[in-house]
file input-v2.txt (compact mmCIF, N, CA, C and O atoms)
# COMPACT_ATOMS: atom_id res chain seq x y z
N MET A 28 194.32 132.69 276.02
CA MET A 28 193.61 131.45 275.82
C MET A 28 192.87 131.10 277.10
O MET A 28 193.44 131.11 278.17
N THR A 29 191.62 130.82 277.00
CA THR A 29 190.84 130.48 278.19
C THR A 29 190.03 129.23 277.94
O THR A 29 189.76 128.85 276.82
N MET A 30 189.65 128.60 279.01
CA MET A 30 188.79 127.43 278.94
C MET A 30 187.67 127.68 279.93
O MET A 30 187.92 127.78 281.13
N ALA A 31 186.44 127.81 279.45
CA ALA A 31 185.28 128.08 280.29
C ALA A 31 185.52 129.29 281.17
O ALA A 31 185.22 129.29 282.35
N GLY A 32 186.13 130.34 280.60
CA GLY A 32 186.36 131.58 281.33
C GLY A 32 187.56 131.56 282.26
O GLY A 32 187.81 132.53 282.96
N LYS A 33 188.33 130.49 282.29
CA LYS A 33 189.51 130.40 283.15
C LYS A 33 190.78 130.38 282.30
O LYS A 33 190.80 129.79 281.24
N LYS A 34 191.82 131.03 282.81
CA LYS A 34 193.11 130.98 282.14
C LYS A 34 193.67 129.57 282.23
O LYS A 34 193.49 128.89 283.23
N MET A 35 194.40 129.18 281.19
CA MET A 35 195.04 127.87 281.21
C MET A 35 196.50 127.99 281.64
O MET A 35 197.23 127.02 281.63
N TRP A 36 196.95 129.19 282.02
CA TRP A 36 198.31 129.40 282.46
C TRP A 36 198.29 130.39 283.62
O TRP A 36 197.29 131.06 283.86
N ARG A 37 199.40 130.49 284.31
CA ARG A 37 199.55 131.47 285.38
C ARG A 37 200.57 132.51 284.93
O ARG A 37 201.59 132.16 284.35
N ASP A 38 200.27 133.78 285.20
CA ASP A 38 201.25 134.82 284.90
C ASP A 38 202.48 134.58 285.75
O ASP A 38 202.37 134.27 286.94
N ALA A 39 203.64 134.68 285.15
CA ALA A 39 204.88 134.42 285.86
C ALA A 39 205.97 135.33 285.33
O ALA A 39 205.83 135.95 284.28
N ALA A 40 207.04 135.42 286.08
CA ALA A 40 208.19 136.22 285.70
C ALA A 40 209.42 135.34 285.71
O ALA A 40 209.53 134.41 286.49
N THR A 41 210.35 135.64 284.82
CA THR A 41 211.61 134.93 284.75
C THR A 41 212.73 135.94 284.80
O THR A 41 212.65 137.01 284.20
N LEU A 42 213.77 135.61 285.51
CA LEU A 42 214.93 136.47 285.63
C LEU A 42 216.12 135.75 285.02
O LEU A 42 216.43 134.62 285.40
N ILE A 43 216.77 136.39 284.05
CA ILE A 43 217.95 135.79 283.44
C ILE A 43 219.15 136.65 283.82
O ILE A 43 219.24 137.82 283.45
N LEU A 44 220.06 136.06 284.60
CA LEU A 44 221.26 136.76 285.05
C LEU A 44 222.47 136.17 284.36
O LEU A 44 222.65 134.96 284.33
N THR A 45 223.30 137.06 283.80
CA THR A 45 224.54 136.63 283.17
C THR A 45 225.69 137.42 283.77
O THR A 45 225.50 138.52 284.28
N ALA A 46 226.88 136.85 283.72
CA ALA A 46 228.07 137.52 284.22
C ALA A 46 229.25 137.15 283.33
O ALA A 46 229.34 136.03 282.85
N LYS A 47 230.13 138.12 283.12
CA LYS A 47 231.34 137.85 282.35
C LYS A 47 232.20 136.86 283.10
O LYS A 47 232.22 136.81 284.32
N SER A 48 232.94 136.08 282.35
CA SER A 48 233.81 135.07 282.93
C SER A 48 235.05 134.97 282.06
O SER A 48 235.03 135.34 280.88
N THR A 49 236.13 134.46 282.62
CA THR A 49 237.33 134.24 281.80
C THR A 49 237.06 133.07 280.86
O THR A 49 236.29 132.17 281.18
N MET A 50 237.69 133.10 279.72
CA MET A 50 237.42 132.07 278.71
C MET A 50 238.56 131.07 278.65
O MET A 50 239.72 131.44 278.54
N ASN A 51 238.22 129.81 278.72
CA ASN A 51 239.18 128.72 278.56
C ASN A 51 239.07 128.27 277.10
O ASN A 51 238.04 127.79 276.67
N LYS A 52 240.14 128.41 276.36
CA LYS A 52 240.07 128.12 274.92
C LYS A 52 240.19 126.64 274.58
O LYS A 52 240.11 126.26 273.44
N ASN A 53 240.36 125.78 275.57
CA ASN A 53 240.51 124.35 275.31
C ASN A 53 239.16 123.65 275.35
O ASN A 53 238.92 122.77 276.17
N LEU A 54 238.27 124.04 274.47
CA LEU A 54 236.94 123.44 274.41
C LEU A 54 237.05 121.99 273.97
O LEU A 54 237.64 121.69 272.94
N PRO A 55 236.50 121.07 274.77
CA PRO A 55 236.59 119.66 274.37
C PRO A 55 235.73 119.39 273.15
O PRO A 55 234.74 120.07 272.90
N HIS A 56 236.10 118.38 272.41
CA HIS A 56 235.31 117.99 271.24
C HIS A 56 234.15 117.12 271.71
O HIS A 56 234.34 115.96 272.09
N ILE A 57 232.96 117.70 271.73
CA ILE A 57 231.76 116.99 272.19
C ILE A 57 230.75 117.05 271.06
O ILE A 57 230.43 118.12 270.55
N THR A 58 230.28 115.90 270.64
CA THR A 58 229.34 115.87 269.52
C THR A 58 227.90 115.70 269.96
O THR A 58 226.99 116.07 269.25
N LYS A 59 227.69 115.14 271.16
CA LYS A 59 226.33 114.93 271.66
C LYS A 59 226.24 115.42 273.10
O LYS A 59 227.20 115.25 273.86
N SER A 60 225.10 115.99 273.46
CA SER A 60 224.94 116.45 274.83
C SER A 60 225.02 115.31 275.82
O SER A 60 225.36 115.49 276.97
N SER A 61 224.75 114.09 275.37
CA SER A 61 224.81 112.94 276.27
C SER A 61 226.25 112.63 276.70
O SER A 61 226.47 111.88 277.64
N GLU A 62 227.24 113.22 276.01
CA GLU A 62 228.63 113.02 276.39
C GLU A 62 229.04 113.86 277.59
O GLU A 62 230.12 113.70 278.13
N LEU A 63 228.19 114.79 277.99
CA LEU A 63 228.46 115.64 279.14
C LEU A 63 227.96 114.97 280.41
O LEU A 63 226.89 114.38 280.43
N ALA A 64 228.72 115.08 281.48
CA ALA A 64 228.28 114.52 282.75
C ALA A 64 227.19 115.39 283.37
O ALA A 64 226.30 114.90 284.03
N ALA A 65 227.29 116.69 283.18
CA ALA A 65 226.31 117.63 283.73
C ALA A 65 226.35 118.90 282.91
O ALA A 65 227.34 119.17 282.23
N PRO A 66 225.29 119.73 282.95
CA PRO A 66 225.28 120.97 282.18
C PRO A 66 226.45 121.89 282.51
O PRO A 66 226.89 122.66 281.69
N THR A 67 227.00 121.80 283.72
CA THR A 67 228.09 122.69 284.11
C THR A 67 229.42 122.31 283.48
O THR A 67 230.37 123.06 283.56
N ASP A 68 229.53 121.13 282.85
CA ASP A 68 230.79 120.72 282.24
C ASP A 68 231.29 121.71 281.21
O ASP A 68 232.49 121.86 281.03
N CYS A 69 230.41 122.38 280.51
CA CYS A 69 230.82 123.34 279.47
C CYS A 69 230.98 124.75 280.02
O CYS A 69 231.48 125.61 279.32
N SER A 70 230.56 125.01 281.24
CA SER A 70 230.50 126.38 281.74
C SER A 70 231.87 127.06 281.79
O SER A 70 231.95 128.28 281.75
N ASN A 71 232.94 126.34 281.87
CA ASN A 71 234.27 126.95 281.94
C ASN A 71 234.85 127.28 280.57
O ASN A 71 235.95 127.79 280.48
N TYR A 72 234.14 127.00 279.50
CA TYR A 72 234.67 127.20 278.16
C TYR A 72 234.09 128.43 277.45
O TYR A 72 234.38 128.65 276.30
N PHE A 73 233.27 129.20 278.13
CA PHE A 73 232.63 130.35 277.50
C PHE A 73 232.93 131.61 278.30
O PHE A 73 233.31 131.55 279.46
N ASP A 74 232.74 132.79 277.68
CA ASP A 74 233.08 134.04 278.33
C ASP A 74 231.91 134.63 279.12
O ASP A 74 231.89 135.81 279.40
N TYR A 75 230.94 133.83 279.47
CA TYR A 75 229.83 134.27 280.30
C TYR A 75 229.30 133.10 281.11
O TYR A 75 229.55 131.94 280.79
N LYS A 76 228.63 133.43 282.17
CA LYS A 76 227.96 132.41 282.98
C LYS A 76 226.51 132.83 283.10
O LYS A 76 226.19 134.01 283.12
N VAL A 77 225.63 131.85 283.18
CA VAL A 77 224.20 132.10 283.31
C VAL A 77 223.72 131.41 284.58
O VAL A 77 224.02 130.24 284.81
N LEU A 78 222.98 132.13 285.40
CA LEU A 78 222.44 131.56 286.62
C LEU A 78 221.22 130.71 286.29
O LEU A 78 220.27 131.19 285.68
N MET A 79 221.27 129.45 286.67
CA MET A 79 220.13 128.56 286.51
C MET A 79 219.97 127.77 287.81
O MET A 79 220.93 127.59 288.55
N LEU A 80 218.78 127.32 288.05
CA LEU A 80 218.48 126.53 289.24
C LEU A 80 218.02 125.15 288.83
O LEU A 80 217.43 124.99 287.77
N LYS A 81 218.29 124.17 289.67
CA LYS A 81 217.79 122.83 289.40
C LYS A 81 216.54 122.62 290.24
O LYS A 81 216.57 122.76 291.46
N ARG A 82 215.45 122.27 289.58
CA ARG A 82 214.19 122.02 290.28
C ARG A 82 214.29 120.75 291.11
O ARG A 82 215.03 119.83 290.77
N SER A 83 213.54 120.69 292.16
CA SER A 83 213.53 119.54 293.05
C SER A 83 213.03 118.29 292.32
O SER A 83 212.17 118.37 291.44
N SER A 84 213.55 117.16 292.70
CA SER A 84 213.07 115.90 292.13
C SER A 84 211.63 115.61 292.57
O SER A 84 210.94 114.81 291.95
N LYS A 85 211.18 116.30 293.62
CA LYS A 85 209.82 116.12 294.12
C LYS A 85 208.82 117.08 293.46
O LYS A 85 207.62 117.01 293.74
N SER A 86 209.31 117.95 292.59
CA SER A 86 208.45 118.92 291.93
C SER A 86 207.47 118.21 290.99
O SER A 86 207.85 117.29 290.26
N LYS A 87 206.22 118.64 291.00
CA LYS A 87 205.21 118.04 290.10
C LYS A 87 205.46 118.45 288.65
O LYS A 87 205.19 117.69 287.73
N PHE A 88 205.93 119.68 288.46
CA PHE A 88 206.15 120.19 287.11
C PHE A 88 207.65 120.22 286.82
O PHE A 88 208.42 120.84 287.53
N MET A 89 208.08 119.52 285.82
CA MET A 89 209.47 119.48 285.35
C MET A 89 210.47 119.15 286.47
O MET A 89 211.39 119.91 286.73
N PRO A 90 210.33 118.01 287.13
CA PRO A 90 211.29 117.66 288.18
C PRO A 90 212.69 117.51 287.62
O PRO A 90 212.88 117.08 286.48
N ASN A 91 213.67 117.91 288.39
CA ASN A 91 215.11 117.83 288.06
C ASN A 91 215.52 118.68 286.87
O ASN A 91 216.66 118.58 286.42
N ALA A 92 214.65 119.53 286.37
CA ALA A 92 214.99 120.37 285.22
C ALA A 92 215.81 121.58 285.67
O ALA A 92 215.65 122.08 286.78
N TYR A 93 216.71 122.03 284.81
CA TYR A 93 217.44 123.27 285.04
C TYR A 93 216.62 124.40 284.45
O TYR A 93 216.23 124.35 283.28
N VAL A 94 216.34 125.42 285.26
CA VAL A 94 215.47 126.52 284.85
C VAL A 94 216.06 127.86 285.28
O VAL A 94 216.92 127.92 286.16
N PHE A 95 215.59 128.93 284.65
CA PHE A 95 215.94 130.26 285.10
C PHE A 95 215.14 130.57 286.36
O PHE A 95 214.02 130.09 286.52
N PRO A 96 215.70 131.36 287.29
CA PRO A 96 214.93 131.70 288.48
C PRO A 96 213.71 132.54 288.12
O PRO A 96 213.72 133.29 287.15
N GLY A 97 212.68 132.39 288.87
CA GLY A 97 211.45 133.15 288.64
C GLY A 97 210.30 132.45 289.30
O GLY A 97 210.48 131.56 290.13
N GLY A 98 209.13 132.85 288.94
CA GLY A 98 207.96 132.22 289.52
C GLY A 98 206.71 133.00 289.24
O GLY A 98 206.71 133.96 288.48
N VAL A 99 205.66 132.59 289.90
CA VAL A 99 204.37 133.24 289.74
C VAL A 99 204.46 134.68 290.22
O VAL A 99 205.09 134.96 291.24
N ILE A 100 203.88 135.58 289.48
CA ILE A 100 203.89 136.99 289.85
C ILE A 100 203.03 137.21 291.08
O ILE A 100 201.91 136.71 291.17
N ALA A 101 203.59 137.92 292.06
CA ALA A 101 202.88 138.24 293.29
C ALA A 101 202.69 139.75 293.39
O ALA A 101 203.44 140.53 292.78
N GLN A 102 201.72 140.18 294.15
CA GLN A 102 201.46 141.61 294.33
C GLN A 102 202.71 142.33 294.85
O GLN A 102 202.98 143.46 294.49
N ALA A 103 203.49 141.64 295.68
CA ALA A 103 204.71 142.24 296.25
C ALA A 103 205.72 142.62 295.17
O ALA A 103 206.57 143.49 295.38
N ASP A 104 205.65 141.98 294.00
CA ASP A 104 206.57 142.31 292.91
C ASP A 104 206.39 143.74 292.43
O ASP A 104 207.28 144.30 291.80
N PHE A 105 205.24 144.34 292.71
CA PHE A 105 204.94 145.69 292.24
C PHE A 105 205.03 146.72 293.35
O PHE A 105 204.66 147.88 293.15
N ALA A 106 205.54 146.33 294.50
CA ALA A 106 205.63 147.23 295.65
C ALA A 106 206.59 148.39 295.37
O ALA A 106 207.62 148.22 294.71
N ARG A 107 206.25 149.56 295.89
CA ARG A 107 207.07 150.75 295.73
C ARG A 107 208.48 150.54 296.31
O ARG A 107 209.46 151.12 295.85
N GLY A 108 208.59 149.69 297.29
CA GLY A 108 209.88 149.45 297.94
C GLY A 108 210.97 148.99 296.99
O GLY A 108 212.15 149.27 297.22
N TRP A 109 210.60 148.31 295.92
CA TRP A 109 211.60 147.87 294.94
C TRP A 109 212.25 149.08 294.27
O TRP A 109 213.47 149.12 294.10
N ARG A 110 211.44 150.05 293.88
CA ARG A 110 212.02 151.25 293.26
C ARG A 110 212.91 151.99 294.24
O ARG A 110 213.96 152.50 293.87
N ASP A 111 212.50 152.03 295.50
CA ASP A 111 213.33 152.67 296.52
C ASP A 111 214.66 151.96 296.66
O ASP A 111 215.71 152.60 296.78
N LEU A 112 214.63 150.62 296.63
CA LEU A 112 215.87 149.84 296.74
C LEU A 112 216.80 150.14 295.56
O LEU A 112 218.00 150.37 295.76
N PHE A 113 216.26 150.16 294.35
CA PHE A 113 217.09 150.48 293.18
C PHE A 113 217.64 151.90 293.27
O PHE A 113 218.79 152.15 292.92
N ARG A 114 216.83 152.83 293.75
CA ARG A 114 217.29 154.21 293.89
C ARG A 114 218.45 154.27 294.89
O ARG A 114 219.42 154.99 294.69
N ASP A 115 218.37 153.49 295.98
CA ASP A 115 219.45 153.45 296.97
C ASP A 115 220.76 152.98 296.36
O ASP A 115 221.83 153.29 296.87
N PHE A 116 220.69 152.21 295.27
CA PHE A 116 221.89 151.74 294.58
C PHE A 116 222.27 152.64 293.41
O PHE A 116 223.09 152.27 292.58
N GLY A 117 221.64 153.81 293.31
CA GLY A 117 222.05 154.80 292.31
C GLY A 117 221.27 154.80 291.01
O GLY A 117 221.63 155.52 290.09
N TYR A 118 220.22 154.00 290.90
CA TYR A 118 219.42 153.97 289.68
C TYR A 118 218.30 154.99 289.78
O TYR A 118 217.73 155.22 290.84
N THR A 119 217.97 155.61 288.64
CA THR A 119 216.90 156.61 288.60
C THR A 119 215.63 155.98 288.03
O THR A 119 215.66 154.87 287.48
N GLU A 120 214.52 156.71 288.12
CA GLU A 120 213.25 156.26 287.52
C GLU A 120 213.44 156.04 286.02
O GLU A 120 212.90 155.10 285.45
N ASP A 121 214.22 156.92 285.37
CA ASP A 121 214.47 156.78 283.93
C ASP A 121 215.21 155.48 283.62
O ASP A 121 214.93 154.82 282.62
N ASP A 122 216.18 155.12 284.47
CA ASP A 122 216.91 153.87 284.27
C ASP A 122 215.94 152.69 284.29
O ASP A 122 216.03 151.78 283.46
N LEU A 123 215.02 152.70 285.23
CA LEU A 123 214.06 151.60 285.35
C LEU A 123 213.07 151.59 284.20
O LEU A 123 212.69 150.53 283.72
N GLU A 124 212.65 152.76 283.73
CA GLU A 124 211.71 152.83 282.60
C GLU A 124 212.32 152.25 281.33
O GLU A 124 211.62 151.70 280.50
N GLU A 125 213.65 152.34 281.19
CA GLU A 125 214.32 151.77 280.01
C GLU A 125 214.20 150.26 279.98
O GLU A 125 214.35 149.64 278.93
N LEU A 126 213.95 149.63 281.14
CA LEU A 126 213.83 148.18 281.20
C LEU A 126 212.45 147.68 280.81
O LEU A 126 212.26 146.49 280.61
N VAL A 127 211.49 148.58 280.72
CA VAL A 127 210.11 148.18 280.40
C VAL A 127 210.00 147.85 278.92
O VAL A 127 210.44 148.61 278.06
N LEU A 128 209.44 146.68 278.62
CA LEU A 128 209.24 146.29 277.23
C LEU A 128 208.18 147.18 276.61
O LEU A 128 207.13 147.41 277.18
N LYS A 129 208.47 147.66 275.44
CA LYS A 129 207.52 148.51 274.72
C LYS A 129 207.14 147.84 273.40
O LYS A 129 207.95 147.17 272.80
N ASP A 130 205.91 148.03 273.00
CA ASP A 130 205.44 147.44 271.73
C ASP A 130 206.08 148.11 270.54
O ASP A 130 206.47 149.17 270.50
call {"tool": "encode", "arguments": {"input": "input-v2.txt", "output": "structure tokens"}}
result
Amino acid sequence: MTMAGKKMWRDAATLILTAKSTMNKNLPHITKSSELAAPTDCSNYFDYKVLMLKRSSKSKFMPNAYVFPGGVIAQADFARGWRDLFRDFGYTEDDLEELVLKD
């Protein structure tokens, strides 16, 4: 979508990280999200955790919102050094190619 030849959005990337966690089976009876003091109140009741960040209250876009880490795509995101770093941790080119979204 463009307006007068300009994009109306910026290309960006989002990273969603999850980790297994022990499960607490004593889930409280909550009927409305407003009954929670904070989003983390439920985090101890599930068998996974999700990394999210809280945006600054001074942010122009979505202040105080909880979001996945990420941001505007930079040229450095495509640097060869990233593949070298993954290789140093035992990943192959084939492992990385499996992560590429295909149509």
call {"tool": "atom_distance", "arguments": {"input": "input-v2.txt", "atom1": "atom O of Trp109 in chain A", "atom2": "atom N of Asp38 in chain A"}}
result
22.1 Å
call {"tool": "select_by_dssp", "arguments": {"input": "input-v2.txt", "residues": "range 70-121 of chain A", "states": "strand (DSSP E)", "output": "PyMOL selection string"}}
result
chain A and resi 75-77+80-81+93-94+97-99
call {"tool": "closest_residue", "arguments": {"input": "input-v2.txt", "among": "A:Arg114, A:Arg107, A:Lys47, A:Lys33", "to": "Lys76 in chain A", "atoms": "only C-alpha atoms"}}
result
A:Lys47
call {"tool": "residues_around", "arguments": {"input": "input-v2.txt", "residues": "Gly98 in chain A", "least_positions_apart": "2", "cutoff": "8 Å", "atoms": "only C-alpha atoms", "output": "PyMOL selection string"}}
result
chain A and resi 39-41+96+100
call {"tool": "residues_around", "arguments": {"input": "input-v2.txt", "residues": "Arg82 in chain A", "least_positions_apart": "3", "cutoff": "7 Å", "atoms": "all atoms listed in the file", "output": "JSON list (two decimals) with N, CA, C and O atoms, in the frame of the given file"}}
result
[["chain", "number", "residue", "atom", "x", "y", "z"],
["A", 85, "LYS", "N", 211.18, 116.30, 293.62],
["A", 85, "LYS", "CA", 209.82, 116.12, 294.12],
["A", 85, "LYS", "C", 208.82, 117.08, 293.46],
["A", 85, "LYS", "O", 207.62, 117.01, 293.74],
["A", 86, "SER", "N", 209.31, 117.95, 292.59],
["A", 86, "SER", "CA", 208.45, 118.92, 291.93],
["A", 86, "SER", "C", 207.47, 118.21, 290.99],
["A", 86, "SER", "O", 207.85, 117.29, 290.26],
["A", 88, "PHE", "N", 205.93, 119.68, 288.46],
["A", 88, "PHE", "CA", 206.15, 120.19, 287.11],
["A", 88, "PHE", "C", 207.65, 120.22, 286.82],
["A", 88, "PHE", "O", 208.42, 120.84, 287.53],
["A", 89, "MET", "N", 208.08, 119.52, 285.82],
["A", 89, "MET", "CA", 209.47, 119.48, 285.35],
["A", 89, "MET", "C", 210.47, 119.15, 286.47],
["A", 89, "MET", "O", 211.39, 119.91, 286.73],
["A", 90, "PRO", "N", 210.33, 118.01, 287.13],
["A", 90, "PRO", "CA", 211.29, 117.66, 288.18],
["A", 90, "PRO", "C", 212.69, 117.51, 287.62],
["A", 90, "PRO", "O", 212.88, 117.08, 286.48],
["A", 91, "ASN", "N", 213.67, 117.91, 288.39],
["A", 91, "ASN", "CA", 215.11, 117.83, 288.06],
["A", 91, "ASN", "C", 215.52, 118.68, 286.87],
["A", 91, "ASN", "O", 216.66, 118.58, 286.42],
["A", 92, "ALA", "N", 214.65, 119.53, 286.37],
["A", 92, "ALA", "CA", 214.99, 120.37, 285.22],
["A", 92, "ALA", "C", 215.81, 121.58, 285.67],
["A", 92, "ALA", "O", 215.65, 122.08, 286.78],
["A", 93, "TYR", "N", 216.71, 122.03, 284.81],
["A", 93, "TYR", "CA", 217.44, 123.27, 285.04],
["A", 93, "TYR", "C", 216.62, 124.40, 284.45],
["A", 93, "TYR", "O", 216.23, 124.35, 283.28],
["A", 94, "VAL", "N", 216.34, 125.42, 285.26],
["A", 94, "VAL", "CA", 215.47, 126.52, 284.85],
["A", 94, "VAL", "C", 216.06, 127.86, 285.28],
["A", 94, "VAL", "O", 216.92, 127.92, 286.16]]
call {"tool": "atom_distance", "arguments": {"input": "input-v2.txt", "atom1": "CA of Asp121 in chain A", "atom2": "CA of Gly108 in chain A"}}
result
16.5 Å
call {"tool": "atom_distance", "arguments": {"input": "input-v2.txt", "atom1": "atom N of Arg110 in chain A", "atom2": "atom C of Leu78 in chain A"}}
result
23.0 Å
call {"tool": "axis_aligned_box", "arguments": {"input": "input-v2.txt", "around": "range 100-114 of chain A", "padding_each_side": "4 Å", "output": "JSON"}}
result
{"center_x": 210.4, "center_y": 145.3, "center_z": 293.7, "size_x": 26.0, "size_y": 27.4, "size_z": 16.5}
